[in-house]
Amino acid sequence: MTIKEYLKKFEEKDERILAKIITMVEEEYKESEEILRYINKKIGKAYRIGITGPQGSGKSTLIAKLTKRLLNRYKEIGIIACDPSSPFSYGALLGDRIRMNELFLEKGVFIRSMATRGSLNGLAYKTKEVADILDAFGKEIIIIETIGVGQVEVEISNLVDTTVVVFVPESGDGIQILKAGLTEIGDIFVINKSDRIGADILFYELKNLIEISYQNSKWKPPIILTQAVNNYGIEELEKEIVNHYNYLVENNLLEEKREKAIIRELVNNFEKEILKILWQNEKVRKSFAEVSKEVLEKKLTIEEGIKKLIREVKYDQ
Amino acid sequence: MEKKKIKILIAKPGLDGHDRGAKVVARGLRDAGFEVIYTGLHQTPEMIVNTAIQEDVDVIGLSILSGAHMTIFPEVLRLLKEKGATNIHLFGGGIIPDEDKEKLYQLGVGKLFDPGTKISEIVEYLNNLFKEK
Ligand SMILES: Nc1nc2c(ncn2[C@@H]2O[C@H](COP(=O)(O)OP(=O)(O)O)[C@@H](O)[C@H]2O)c(=O)[nH]1
Ligand SMILES: [Mg+2]
């Protein structure tokens, strides 16, 4: 099949072709560029929700229950579930679907698992592109789950309209939560597994932290107690997502937020490409080798070495 | 179009209530460098094929201990055909009598491994599958 034929079938909402197109972009096939150009004109209709929080906090379970609820109002929902690749074998065990079984036969729900393949921001490399593809395909809602290693996973908030941060009573005290760096990125906070001891203490600690973090913000993030396995609190979660959406729209923030994210993406990728070009330059590599030698021989300090390199790189242009 | 990463769906159909074997295989394949999607217990053929298509996997591996292999394997094959996804390779493992194995091979099912097969054997089988292509 030619790429034109693929895109025609994509247009006709062929789910198998959607899956193939995602693969082509994820694997950076040469067709990827044409696909993304085609997709680019069609994105912006879907509302994007990010779910982040520690591994095992119940993100996948929450997504399954939330999606079930959203199906009362929306027909087309896409889910991207990220899981880590093994740094040793480069393989991955993608297990988010275990908690999403109830969605497998729902028409209109499309789930894609993605391995990080070395990406360190809690998302797979092509998460944004895959979300764009789902958007262009006609998904009304797109939900993205980060891997949740507890490290800083703030990137998700640049990718979505509403960021939901999930904690559990086991997440520890306020200090630990603060360290996780997630209190600044949440539009909505969820304390899941609230059937367990410690949920109420966590609620008040979190409330204090959020009040400080968001004192200058017009949006005051709500904290919701949920029990995903028992389908408890999901209605409220849905309600708060709608509230946040309304807040963004009423304050003309939705477009602004999305534009900022695009520019950020542009800057990031531009910088990456510049670095690639830089390292491909024969002269730069030669200067670098010379300077490293001088630094190792202690003829130059690291700072002097950098100055010398910069001079030579600039001169080269 | 060259595919860099091989994706495998490991699924556990049927009603029996434990999936230790399937999990061990899933983990073993991960450690051998494959991207493995694991979906848990009680998967119906429809669920398996829907997942395989959405995830665009290259291979489906079914672990069947419940004795339902003569219905599940053919049904998965039929659904793959119906959805135009015959390029997905189907193999499996479980307690399957030799004459049943033979029948399933005739239908186009790939290798059927006995319980307790070493992971390395399965890895070798899968690697060979993609060497040929
Ligand atoms: N006790 C309790 N367990 C839950 C709750 N929600 C999810 N779990 C369990 O927590 C485990 C991890 O859930 P999962 O959704 O995979 O978490 P994820 O790693 O954040 O995606 C599973 O065994 C769930 O059944 C809850 O509200 N209460
Ligand atoms: Mg998960």
# chains A, B, ... in the order shown; residues from 1 in each chain; ligands from 1
>>> interface_residues(of="chain B", to="chain A", cutoff="9 Å", atoms="only C-alpha atoms", output="VMD selection string")
chain B and resid 1 to 5 26 to 27 29 to 41 43 46 to 48 50 to 51 53 to 56 83 to 85
>>> select_by_dssp(residues="chain B", states="strand (DSSP E)", output="ChimeraX atom specification")
/B:7-11,35-38,59-64,89-94,112-113
>>> residues_near_ligand(ligand="ligand 2", cutoff="10 Å", atoms="only C-alpha atoms and all ligand atoms", output="NGL selection string")
:A and (51-63 or 81-83 or 94-100 or 113 or 145-148)
>>> select_by_dssp(residues="segment 61-235 of chain A", states="helix (DSSP H, G or I)", output="ChimeraX atom specification")
/A:61-70,96-103,127-137,156-159,169-171,174-179,199-213,228-230,234-235
>>> residues_around(residues="Ile119 of chain B", least_positions_apart="3", cutoff="7 Å", atoms="only C-alpha atoms", output="list in words")
Val25, Gly28, Ile122 and Val123 of chain B
>>> atom_distance(atom1="atom 7 (C, counted along the ligand's line) of ligand 1", atom2="atom CA of Tyr47 of chain A")
24.5 Å
>>> residues_around(residues="segment 287-301 of chain A", least_positions_apart="3", cutoff="12 Å", atoms="only C-alpha atoms", output="VMD selection string")
chain A and resid 278 to 284 304 to 316
>>> residues_around(residues="Leu15 of chain B", least_positions_apart="5", cutoff="12 Å", atoms="only C-alpha atoms", output="NGL selection string")
:B and (40-44 or 63-68 or 72)
>>> write_last_selection(atoms="C-alpha atoms", output="mmCIF file, in the first residue's frame")
data_model
loop_
_atom_site.group_PDB
_atom_site.id
_atom_site.type_symbol
_atom_site.label_atom_id
_atom_site.label_comp_id
_atom_site.auth_asym_id
_atom_site.auth_seq_id
_atom_site.Cartn_x
_atom_site.Cartn_y
_atom_site.Cartn_z
ATOM 1 C CA GLY B 40 -3.932 -10.324 32.101
ATOM 2 C CA LEU B 41 -6.373 -13.168 32.592
ATOM 3 C CA HIS B 42 -9.614 -14.224 30.917
ATOM 4 C CA GLN B 43 -9.020 -12.776 27.469
ATOM 5 C CA THR B 44 -11.587 -13.650 24.822
ATOM 6 C CA SER B 63 -1.006 -19.436 26.967
ATOM 7 C CA ILE B 64 -3.784 -22.007 27.265
ATOM 8 C CA LEU B 65 -4.004 -24.523 30.051
ATOM 9 C CA SER B 66 -7.743 -24.898 30.191
ATOM 10 C CA GLY B 67 -8.017 -27.323 27.273
ATOM 11 C CA ALA B 68 -9.931 -24.874 25.109
ATOM 12 C CA ILE B 72 -9.535 -20.482 20.830
#
